[in-house]
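Asks: Hey, dropping coords23.cif in here, mmCIF, C-alpha atoms:
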data_query
loop_
_atom_site.label_atom_id
_atom_site.label_comp_id
_atom_site.auth_asym_id
_atom_site.auth_seq_id
_atom_site.Cartn_x
_atom_site.Cartn_y
_atom_site.Cartn_z
CA MET W 1 -156.33 64.25 38.08
CA SER W 2 -153.54 66.75 38.37
CA GLN W 3 -152.93 69.02 41.30
CA PHE W 4 -151.07 72.32 41.24
CA ILE W 5 -148.98 74.05 43.87
CA GLU W 6 -148.47 77.80 43.77
CA THR W 7 -144.85 78.88 43.77
CA ASN W 8 -142.79 82.01 43.33
CA PRO W 9 -141.77 82.59 39.69
CA ASN W 10 -138.26 83.40 40.98
CA ASP W 11 -137.89 79.73 41.91
CA LEU W 12 -138.64 78.26 38.49
CA PRO W 13 -135.81 76.24 36.96
CA ASP W 14 -137.13 76.91 33.43
CA ASN W 15 -134.99 78.41 30.71
CA VAL W 16 -137.43 80.86 29.11
CA PHE W 17 -135.75 80.56 25.70
CA GLN W 18 -136.27 76.81 25.70
CA SER W 19 -139.73 76.87 27.33
CA ILE W 20 -141.18 79.33 24.83
CA GLY W 21 -139.01 79.11 21.73
CA GLN W 22 -138.45 75.37 21.57
CA GLU W 23 -141.11 73.68 23.72
CA TRP W 24 -143.86 76.24 22.99
CA MET W 25 -146.79 77.30 25.17
CA LEU W 26 -150.55 77.72 25.03
CA ILE W 27 -151.97 81.22 25.44
CA THR W 28 -155.51 80.82 26.76
CA VAL W 29 -158.06 83.57 27.22
CA GLY W 30 -161.67 83.55 28.39
CA ASP W 31 -163.60 81.82 31.15
CA LYS W 32 -164.92 78.30 31.68
CA ASN W 33 -168.00 79.09 29.57
CA GLN W 34 -166.15 80.39 26.53
CA TYR W 35 -162.42 80.53 25.90
CA ASN W 36 -159.87 79.93 23.20
CA THR W 37 -156.32 78.70 23.25
CA MET W 38 -153.50 79.00 20.75
CA THR W 39 -149.93 77.76 20.52
CA ALA W 40 -147.18 80.35 20.69
CA SER W 41 -143.43 80.20 20.35
CA TRP W 42 -142.79 83.93 20.72
CA GLY W 43 -142.90 85.83 24.00
CA GLY W 44 -140.94 86.31 27.18
CA TRP W 45 -140.80 86.81 30.93
CA GLY W 46 -139.02 89.46 32.92
CA ILE W 47 -139.29 92.53 35.09
CA LEU W 48 -140.99 95.73 33.95
CA TRP W 49 -142.50 98.55 36.00
CA ASN W 50 -141.08 96.82 39.12
CA ARG W 51 -143.34 93.80 38.47
CA LYS W 52 -142.87 90.25 37.27
CA VAL W 53 -144.36 90.26 33.79
CA CYS W 54 -144.68 88.23 30.65
CA PHE W 55 -145.36 89.35 27.14
CA CYS W 56 -147.00 87.55 24.29
CA VAL W 57 -147.93 88.54 20.77
CA ILE W 58 -151.08 87.70 18.84
CA ARG W 59 -151.95 88.47 15.22
CA PRO W 60 -155.31 90.22 14.73
CA GLN W 61 -156.79 87.45 12.58
CA ARG W 62 -156.38 84.83 15.33
CA PHE W 63 -159.55 83.82 17.21
CA THR W 64 -157.64 84.24 20.50
CA TYR W 65 -157.16 87.93 19.66
CA GLU W 66 -160.91 88.54 20.02
CA PHE W 67 -160.85 86.97 23.49
CA MET W 68 -157.75 88.89 24.53
CA GLU W 69 -159.40 92.16 23.54
CA ARG W 70 -162.41 91.41 25.79
CA SER W 71 -160.54 90.05 28.80
CA ASP W 72 -158.15 91.48 31.33
CA ALA W 73 -156.63 88.11 32.28
CA PHE W 74 -154.95 85.24 30.43
CA SER W 75 -152.81 82.21 31.09
CA LEU W 76 -149.61 80.81 29.63
CA SER W 77 -149.45 77.02 29.94
CA PHE W 78 -146.35 74.90 29.45
CA PHE W 79 -146.34 71.14 28.90
CA ASP W 80 -143.82 68.33 28.89
CA ALA W 81 -142.52 66.92 25.61
CA SER W 82 -145.23 64.24 25.40
CA TYR W 83 -147.74 67.02 24.53
CA ARG W 84 -145.91 68.26 21.42
CA ALA W 85 -148.62 66.88 19.10
CA VAL W 86 -151.27 68.69 21.16
CA LEU W 87 -149.38 71.97 20.86
CA ASP W 88 -148.97 71.39 17.14
CA TYR W 89 -152.72 70.76 16.78
CA CYS W 90 -153.63 73.87 18.80
CA GLY W 91 -151.35 75.93 16.58
CA THR W 92 -152.75 74.66 13.28
CA HIS W 93 -156.50 74.52 13.98
CA SER W 94 -158.86 77.40 14.64
CA GLY W 95 -161.04 77.55 17.73
CA ARG W 96 -163.69 79.04 15.44
CA LYS W 97 -164.09 75.60 13.87
CA VAL W 98 -163.15 73.04 16.54
CA ASP W 99 -163.05 72.63 20.30
CA LYS W 100 -159.30 72.20 20.58
CA ALA W 101 -159.31 71.01 24.21
CA ARG W 102 -161.88 68.31 23.49
CA GLU W 103 -160.12 67.20 20.30
CA CYS W 104 -156.78 66.95 22.13
CA GLY W 105 -158.06 65.45 25.39
CA LEU W 106 -157.13 68.49 27.48
CA THR W 107 -159.01 69.17 30.71
CA PRO W 108 -159.73 72.90 31.15
CA PHE W 109 -159.99 74.50 34.56
CA GLU W 110 -160.66 78.08 35.60
CA VAL W 111 -158.27 80.07 37.78
CA GLU W 112 -159.20 83.24 39.62
CA VAL W 113 -156.76 86.02 38.74
CA ALA W 114 -156.32 88.40 41.68
CA GLY W 115 -156.93 92.01 40.69
CA ALA W 116 -158.54 91.11 37.36
CA LYS W 117 -162.22 91.36 36.50
CA THR W 118 -162.06 88.13 34.52
CA ASN W 119 -160.64 84.71 35.31
CA ALA W 120 -158.22 82.63 33.28
CA VAL W 121 -158.46 79.12 31.90
CA SER W 122 -155.65 76.60 31.76
CA PHE W 123 -155.35 72.84 31.47
CA LYS W 124 -154.81 70.20 34.14
CA GLU W 125 -152.24 68.46 31.96
CA ALA W 126 -149.86 71.48 31.97
CA ARG W 127 -146.63 71.23 33.96
CA LEU W 128 -146.51 75.01 34.56
CA VAL W 129 -149.20 77.70 34.41
CA LEU W 130 -148.63 81.45 34.64
CA THR W 131 -151.82 83.43 35.19
CA CYS W 132 -151.57 87.04 34.16
CA LYS W 133 -153.45 90.29 34.53
CA LYS W 134 -153.24 92.38 31.39
CA LEU W 135 -151.33 95.64 31.94
CA TYR W 136 -150.57 96.98 28.49
CA PHE W 137 -150.92 96.37 24.77
CA HIS W 138 -149.21 97.82 21.75
CA ASP W 139 -149.47 97.16 18.02
CA LEU W 140 -146.12 96.43 16.42
CA ASP W 141 -145.30 99.17 13.93
CA PRO W 142 -143.02 98.31 10.99
CA ALA W 143 -141.78 101.91 10.94
CA HIS W 144 -140.02 101.08 14.20
CA PHE W 145 -138.16 97.98 12.92
CA ILE W 146 -134.53 99.02 13.24
CA ASP W 147 -133.49 95.81 11.47
CA PRO W 148 -135.44 95.96 8.18
CA THR W 149 -135.26 92.16 7.73
CA ILE W 150 -137.85 91.76 10.52
CA ALA W 151 -140.45 92.92 7.98
CA ASN W 152 -139.81 89.62 6.13
CA VAL W 153 -141.67 87.83 8.95
CA TYR W 154 -144.80 89.74 7.88
CA PRO W 155 -145.35 89.16 4.15
CA SER W 156 -149.08 89.80 4.68
CA ARG W 157 -148.39 92.85 6.86
CA ASP W 158 -150.45 91.29 9.67
CA TYR W 159 -148.41 92.74 12.51
CA HIS W 160 -148.84 91.33 15.99
CA ARG W 161 -150.37 93.09 18.95
CA MET W 162 -148.13 92.71 21.99
CA TYR W 163 -149.71 92.19 25.39
CA ILE W 164 -147.85 92.63 28.65
CA GLY W 165 -149.34 90.90 31.65
CA GLU W 166 -148.38 90.93 35.30
CA ILE W 167 -147.72 87.39 36.50
CA VAL W 168 -150.30 87.00 39.26
CA SER W 169 -149.79 83.32 40.02
CA CYS W 170 -147.32 80.64 39.09
CA LEU W 171 -148.66 77.09 39.36
CA VAL W 172 -146.58 73.92 39.02
CA GLN W 173 -147.70 70.30 39.00
CA ALA W 174 -147.42 68.86 42.50
CA GLU W 175 -145.52 65.80 41.26
CA GLN W 176 -143.05 68.04 39.40
CA SER W 177 -142.52 70.52 42.24
CA ALA W 178 -139.37 68.76 43.52
CA GLY W 179 -137.19 70.93 41.24
CA VAL W 180 -138.88 74.13 42.43
CA LEU W 181 -137.99 75.85 45.67
CA LEU W 182 -141.29 76.11 47.52
#
Would you kindly transcribe this structure into structure tokens?
Replies:
Amino acid sequence: MSQFIETNPNDLPDNVFQSIGQEWMLITVGDKNQYNTMTASWGGWGILWNRKVCFCVIRPQRFTYEFMERSDAFSLSFFDASYRAVLDYCGTHSGRKVDKARECGLTPFEVEVAGAKTNAVSFKEARLVLTCKKLYFHDLDPAHFIDPTIANVYPSRDYHRMYIGEIVSCLVQAEQSAGVLL
């Protein structure tokens, strides 16, 4: 059974380009009664509106999109390399058809998100969990692509909706917290 310690996001040793772009993450939305998770390799962390934020993008046909539209909280979960097959499965199977957590042996848990009306769900096997309160959304508009080659990423014209969330809590595995300044 894993245990998490809350830490300041400023103290994370993670390289965001590697954590998201190469190792991937799970975006999870909903509560313990009904949630969905999906693998993502696009997104980021930073400062906006004088707050620590993250952004993620979700295509409208994804099952997670429906949950994100109904919720004002979500989590981003990061795993060590031994979970690559799990992340691959969660990115290639729809939560409309399968219970991804059960199929992959993940243990969901609910996290209260301060200032949000809804909670977030993550997984006990994650090494790092960012819980976020939704602040903003925006549909990507191809008319605003300054580099026209970006449109090649959207052959079906299914443009992402971008969500910006304030990072409300940053949880790290207790046994992995040695590299984090607590």
Asks: Apply the PyMOL selection byres ((chain W and resi 127-136) around 7) to the displayed file and report the matching residues as a list in words.
Replies: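 Given this file, the PyMOL selection byres ((chain W and resi 127-136) around 7) evaluates to Asp72, Ala73, Phe74, Ser75, Leu76, Ser77, Phe78, Phe79, Asp80, Val113, Ala116, Ala120, Glu125, Ala126, Phe137, His138, Tyr163, Ile164, Gly165, Glu166, Ile167, Val168, Ser169, Cys170, Leu171, Val172 and Gln173 of chain W.
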Asks: Could you please take those selected residues and save C-alpha atoms as a PDB file, keeping the file's coordinate frame?
Replies:
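After the write, result_18.pdb holds the following:
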ATOM      1  CA  ASP W  72    -158.150  91.480  31.330  1.00  0.00           C
ATOM      2  CA  ALA W  73    -156.630  88.110  32.280  1.00  0.00           C
ATOM      3  CA  PHE W  74    -154.950  85.240  30.430  1.00  0.00           C
ATOM      4  CA  SER W  75    -152.810  82.210  31.090  1.00  0.00           C
ATOM      5  CA  LEU W  76    -149.610  80.810  29.630  1.00  0.00           C
ATOM      6  CA  SER W  77    -149.450  77.020  29.940  1.00  0.00           C
ATOM      7  CA  PHE W  78    -146.350  74.900  29.450  1.00  0.00           C
ATOM      8  CA  PHE W  79    -146.340  71.140  28.900  1.00  0.00           C
ATOM      9  CA  ASP W  80    -143.820  68.330  28.890  1.00  0.00           C
ATOM     10  CA  VAL W 113    -156.760  86.020  38.740  1.00  0.00           C
ATOM     11  CA  ALA W 116    -158.540  91.110  37.360  1.00  0.00           C
ATOM     12  CA  ALA W 120    -158.220  82.630  33.280  1.00  0.00           C
ATOM     13  CA  GLU W 125    -152.240  68.460  31.960  1.00  0.00           C
ATOM     14  CA  ALA W 126    -149.860  71.480  31.970  1.00  0.00           C
ATOM     15  CA  PHE W 137    -150.920  96.370  24.770  1.00  0.00           C
ATOM     16  CA  HIS W 138    -149.210  97.820  21.750  1.00  0.00           C
ATOM     17  CA  TYR W 163    -149.710  92.190  25.390  1.00  0.00           C
ATOM     18  CA  ILE W 164    -147.850  92.630  28.650  1.00  0.00           C
ATOM     19  CA  GLY W 165    -149.340  90.900  31.650  1.00  0.00           C
ATOM     20  CA  GLU W 166    -148.380  90.930  35.300  1.00  0.00           C
ATOM     21  CA  ILE W 167    -147.720  87.390  36.500  1.00  0.00           C
ATOM     22  CA  VAL W 168    -150.300  87.000  39.260  1.00  0.00           C
ATOM     23  CA  SER W 169    -149.790  83.320  40.020  1.00  0.00           C
ATOM     24  CA  CYS W 170    -147.320  80.640  39.090  1.00  0.00           C
ATOM     25  CA  LEU W 171    -148.660  77.090  39.360  1.00  0.00           C
ATOM     26  CA  VAL W 172    -146.580  73.920  39.020  1.00  0.00           C
ATOM     27  CA  GLN W 173    -147.700  70.300  39.000  1.00  0.00           C
TER      28      GLN W 173
END
Asks: Would you translate the PyMOL selection byres ((chain W and resi 21) around 12) into the concrete set of residues it matches in this file, as a PyMOL selection string?
Replies: chain W and resi 15-20+22-25+39-44+56+78
Asks: Considering all atoms listed in the file, return as a PyMOL selection string whatever protein or nucleic-acid residues lie within 10 Å of Leu106 of chain W, sequence-local ones (same chain, fewer than 2 positions apart) excluded.
Replies: chain W and resi 83+86+100-104+108-109+122-126
Asks: What does the structure give for the distance between atom CA of Met38 of chain W and atom CA of Gly91 of chain W, in Å to one decimal?
Replies: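 Straight-line distance from atom CA of Met38 of chain W to atom CA of Gly91 of chain W works out to 5.6 Å.
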Asks: Which residues of segment 111-157 of chain W have any atom within 10 Å of an atom in segment 29-37 of chain W when counting all atoms listed in the file, and what is the closest pair of atoms for each, with the distance in Å to one decimal? Order the rows by chain and rising number and write it as a tab-separated table.
Replies:
residue	atom	partner	partner_atom	distance
W:Val111	CA	W:Asp31	CA	8.7
W:Glu112	CA	W:Asp31	CA	9.6
W:Thr118	CA	W:Asp31	CA	7.3
W:Asn119	CA	W:Asp31	CA	5.9
W:Ala120	CA	W:Asp31	CA	5.8
W:Val121	CA	W:Asp31	CA	5.9
W:Ser122	CA	W:Val29	CA	8.7
Asks: Would you work out the distance separating atom CA of Asn152 of chain W from atom CA of Arg59 of chain W, expressed in Å to one decimal?
Replies: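 Going from atom CA of Asn152 of chain W over to atom CA of Arg59 of chain W, I get 15.2 Å.
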Asks: With the PyMOL selection byres ((chain W and resi 60) around 10) as the selection, what would be picked from this file? Answer as an mmCIF file with C-alpha atoms, in the coordinates of the input, please.
Replies:
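So expr.cif came out as:
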data_model
loop_
_atom_site.group_PDB
_atom_site.id
_atom_site.type_symbol
_atom_site.label_atom_id
_atom_site.label_comp_id
_atom_site.auth_asym_id
_atom_site.auth_seq_id
_atom_site.Cartn_x
_atom_site.Cartn_y
_atom_site.Cartn_z
ATOM 1 C CA VAL W 57 -147.930 88.540 20.770
ATOM 2 C CA ILE W 58 -151.080 87.700 18.840
ATOM 3 C CA ARG W 59 -151.950 88.470 15.220
ATOM 4 C CA GLN W 61 -156.790 87.450 12.580
ATOM 5 C CA ARG W 62 -156.380 84.830 15.330
ATOM 6 C CA PHE W 63 -159.550 83.820 17.210
ATOM 7 C CA THR W 64 -157.640 84.240 20.500
ATOM 8 C CA TYR W 65 -157.160 87.930 19.660
ATOM 9 C CA GLU W 66 -160.910 88.540 20.020
ATOM 10 C CA GLU W 69 -159.400 92.160 23.540
ATOM 11 C CA ASP W 139 -149.470 97.160 18.020
ATOM 12 C CA ASP W 158 -150.450 91.290 9.670
ATOM 13 C CA TYR W 159 -148.410 92.740 12.510
ATOM 14 C CA HIS W 160 -148.840 91.330 15.990
ATOM 15 C CA ARG W 161 -150.370 93.090 18.950
#
Asks: Can you tell me how far atom CA of Phe67 of chain W sits from atom CA of Lys97 of chain W, in Å to one decimal?
Replies: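 These two atoms are separated by 15.2 Å.
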Asks: Counting all atoms listed in the file, figure out which residue out of W:Leu48, W:Ile27, W:Ala143, W:Ala174 gets nearest to Gln3 of chain W.
Replies: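 Residue with the minimum atom-to-atom distance to Gln3 of chain W: W:Ala174.
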